[in-house]
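Trainee: Let me give you the structure first, and then I'll get to my questions.
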Amino acid sequence: MNFGKLRHKLMVQEQGQTQDPATGDLITGWQDVKKIWGSIQPLSVRDFIAAGANQSEVSGRIVIRADDTITPSMRLVYIKKSVAYEIAGILPDADSGESYMTLAVKTGVKVVPGG
């Protein structure tokens, strides 16, 4: 993988709780963890057909530098377009397992800034 192709700026987020300063209630939501660079690649028609019915909710892949702090419970947000990607699976680098990783993702909602 040519790391120069990692041209999409992404925010890694995890679910967490914060306390509402006005009411004191705990609010569950997504919290920013760190910014990373990646390559967002929608599934081709061939990939989509090969995935079959069981995997049909996977809509693409995101390639990032290998990072063992990324887990399937997190999500990635493409900062430029405010689109969230849920991580459906993580695949290591096919060659060394250490340089990059591929995340099978489900796309969906526009993200409200700060939310």
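Following the order of the structure tokens, chains are lettered A, B, ..., residues in each are numbered from 1, and ligands are numbered from 1.
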List the neighbours of Ile90 in chain A out to 10 Å using only C-alpha atoms; skip same-chain residues closer than 3 positions along the sequence, and give me the result as JSON, numbers by chain.

Mentor: {"A": [61, 62, 63, 70, 71, 72, 87, 93, 101, 102, 103, 104, 105]}

Trainee: Quick one: residues within 7 Å of Ser59 in chain A, only C-alpha atoms counted, chain neighbours fewer than 3 positions away excluded, as a short mmCIF file (atom, residue, chain, number, x, y, z; two decimals) with N, CA, C and O atoms, in the first residue's frame?

Mentor:
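Now in part_7.cif:
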```cif
data_model
loop_
_atom_site.label_atom_id
_atom_site.label_comp_id
_atom_site.auth_asym_id
_atom_site.auth_seq_id
_atom_site.Cartn_x
_atom_site.Cartn_y
_atom_site.Cartn_z
N PRO A 42 -15.48 2.57 -1.93
CA PRO A 42 -16.77 1.89 -1.99
C PRO A 42 -16.60 0.52 -2.64
O PRO A 42 -15.67 0.30 -3.40
N LEU A 43 -17.49 -0.42 -2.30
CA LEU A 43 -17.44 -1.74 -2.93
C LEU A 43 -17.79 -1.62 -4.40
O LEU A 43 -18.70 -0.88 -4.77
N VAL A 105 -16.63 -1.66 6.16
CA VAL A 105 -17.48 -0.67 6.82
C VAL A 105 -18.88 -0.65 6.24
O VAL A 105 -19.12 -1.04 5.10
N LYS A 106 -19.80 -0.18 7.09
CA LYS A 106 -21.17 0.10 6.70
C LYS A 106 -21.32 1.60 6.78
O LYS A 106 -20.91 2.21 7.76
N THR A 107 -21.87 2.19 5.74
CA THR A 107 -22.04 3.63 5.76
C THR A 107 -23.49 3.94 6.09
O THR A 107 -24.34 3.10 6.01
#
```

Trainee: What is the CA of Leu91 in chain A to CA of Val58 in chain A distance in Å?

Mentor: 13.7 Å

Trainee: May I ask which of the residues A:Leu10, A:Ala88, A:Met74, A:Ala66 is the closest one to Gly29 in chain A, counting only C-alpha atoms?

Mentor: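 Closest to Gly29 in chain A of all the choices is A:Met74.
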
Trainee: From the options A:Val33, A:Leu6, A:Ile27, A:Ile40, which residue's atoms come nearest to Arg75 in chain A, counting only C-alpha atoms?

Mentor: A:Val33

Trainee: Counting only C-alpha atoms, which of A:Gln31, A:Gly4, A:Glu57, A:Asp68 gets nearest to Gly16 in chain A?

Mentor: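 Of A:Gln31, A:Gly4, A:Glu57, A:Asp68, the one nearest Gly16 in chain A is A:Gln31, counting only C-alpha atoms.
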
Trainee: Could you write out, as a list in words, all the residues of range 24-92 of chain A that DSSP marks as alpha helix (DSSP H)?

Mentor: Val45, Arg46, Asp47, Phe48, Ile49, Ala50 and Ala51 of chain A

Trainee: What would the file look like if the residues just selected were written as a tab-separated table (two decimals), in the first residue's frame with all heavy atoms?

Mentor:
```
chain	number	residue	atom	x	y	z
A	45	VAL	N	-19.23	-3.38	-7.91
A	45	VAL	CA	-20.35	-4.30	-8.14
A	45	VAL	C	-19.86	-5.74	-7.97
A	45	VAL	O	-20.53	-6.56	-7.35
A	45	VAL	CB	-20.96	-4.08	-9.55
A	45	VAL	CG1	-21.97	-5.16	-9.87
A	45	VAL	CG2	-21.57	-2.70	-9.64
A	46	ARG	N	-18.68	-6.04	-8.46
A	46	ARG	CA	-18.12	-7.39	-8.34
A	46	ARG	C	-17.94	-7.76	-6.86
A	46	ARG	O	-18.30	-8.85	-6.42
A	46	ARG	CB	-16.79	-7.49	-9.06
A	46	ARG	CG	-16.13	-8.86	-8.89
A	46	ARG	CD	-14.80	-8.93	-9.57
A	46	ARG	NE	-15.00	-8.90	-11.01
A	46	ARG	CZ	-14.08	-8.58	-11.89
A	46	ARG	NH1	-12.87	-8.26	-11.49
A	46	ARG	NH2	-14.33	-8.59	-13.16
A	47	ASP	N	-17.37	-6.83	-6.07
A	47	ASP	CA	-17.19	-7.09	-4.64
A	47	ASP	C	-18.53	-7.29	-3.95
A	47	ASP	O	-18.67	-8.14	-3.08
A	47	ASP	CB	-16.48	-5.91	-3.95
A	47	ASP	CG	-15.02	-5.77	-4.38
A	47	ASP	OD1	-14.44	-6.76	-4.83
A	47	ASP	OD2	-14.51	-4.64	-4.25
A	48	PHE	N	-19.51	-6.47	-4.32
A	48	PHE	CA	-20.83	-6.53	-3.70
A	48	PHE	C	-21.49	-7.89	-3.97
A	48	PHE	O	-22.02	-8.52	-3.07
A	48	PHE	CB	-21.71	-5.40	-4.23
A	48	PHE	CG	-22.99	-5.23	-3.47
A	48	PHE	CD1	-23.00	-4.60	-2.24
A	48	PHE	CD2	-24.19	-5.69	-3.99
A	48	PHE	CE1	-24.18	-4.44	-1.52
A	48	PHE	CE2	-25.37	-5.54	-3.29
A	48	PHE	CZ	-25.36	-4.91	-2.06
A	49	ILE	N	-21.40	-8.37	-5.21
A	49	ILE	CA	-21.98	-9.67	-5.56
A	49	ILE	C	-21.22	-10.79	-4.85
A	49	ILE	O	-21.81	-11.72	-4.32
A	49	ILE	CB	-21.97	-9.88	-7.09
A	49	ILE	CG1	-22.97	-8.91	-7.74
A	49	ILE	CG2	-22.30	-11.32	-7.46
A	49	ILE	CD1	-22.88	-8.83	-9.24
A	50	ALA	N	-19.89	-10.69	-4.81
A	50	ALA	CA	-19.07	-11.71	-4.16
A	50	ALA	C	-19.36	-11.78	-2.66
A	50	ALA	O	-19.28	-12.84	-2.06
A	50	ALA	CB	-17.59	-11.44	-4.39
A	51	ALA	N	-19.72	-10.65	-2.06
A	51	ALA	CA	-20.00	-10.64	-0.62
A	51	ALA	C	-21.24	-11.44	-0.30
A	51	ALA	O	-21.38	-11.99	0.80
A	51	ALA	CB	-20.16	-9.20	-0.13
```

Trainee: Could you jot down the CA of Lys5 in chain A to CA of Gly89 in chain A separation for me, Å, one decimal place?

Mentor: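 These two atoms are separated by 21.2 Å.
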
Trainee: Give me, please, the distance in Å between CA of Ser99 in chain A and CA of Tyr78 in chain A, quoted to one decimal.

Mentor: 21.5 Å

Trainee: For a quick check of understanding, using only C-alpha atoms, which of A:Trp30, A:Ser39, A:Glu98, A:Ser73 has the smallest distance to Glu86 in chain A?

Mentor: A:Ser73

Trainee: Calculated over only C-alpha atoms, which of the candidates A:Asp32, A:Ile79, A:Gln41, A:Asp95 has the smallest distance to Gln15 in chain A?

Mentor: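 Of the candidates, the smallest distance to Gln15 in chain A is held by A:Asp32.
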
Trainee: Rank nothing, just name the residue among A:Ser96, A:Arg65, A:Met11, A:Asp25 nearest to Lys81 in chain A, using only C-alpha atoms.

Mentor: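 Selected residue with least distance to Lys81 in chain A: A:Met11.
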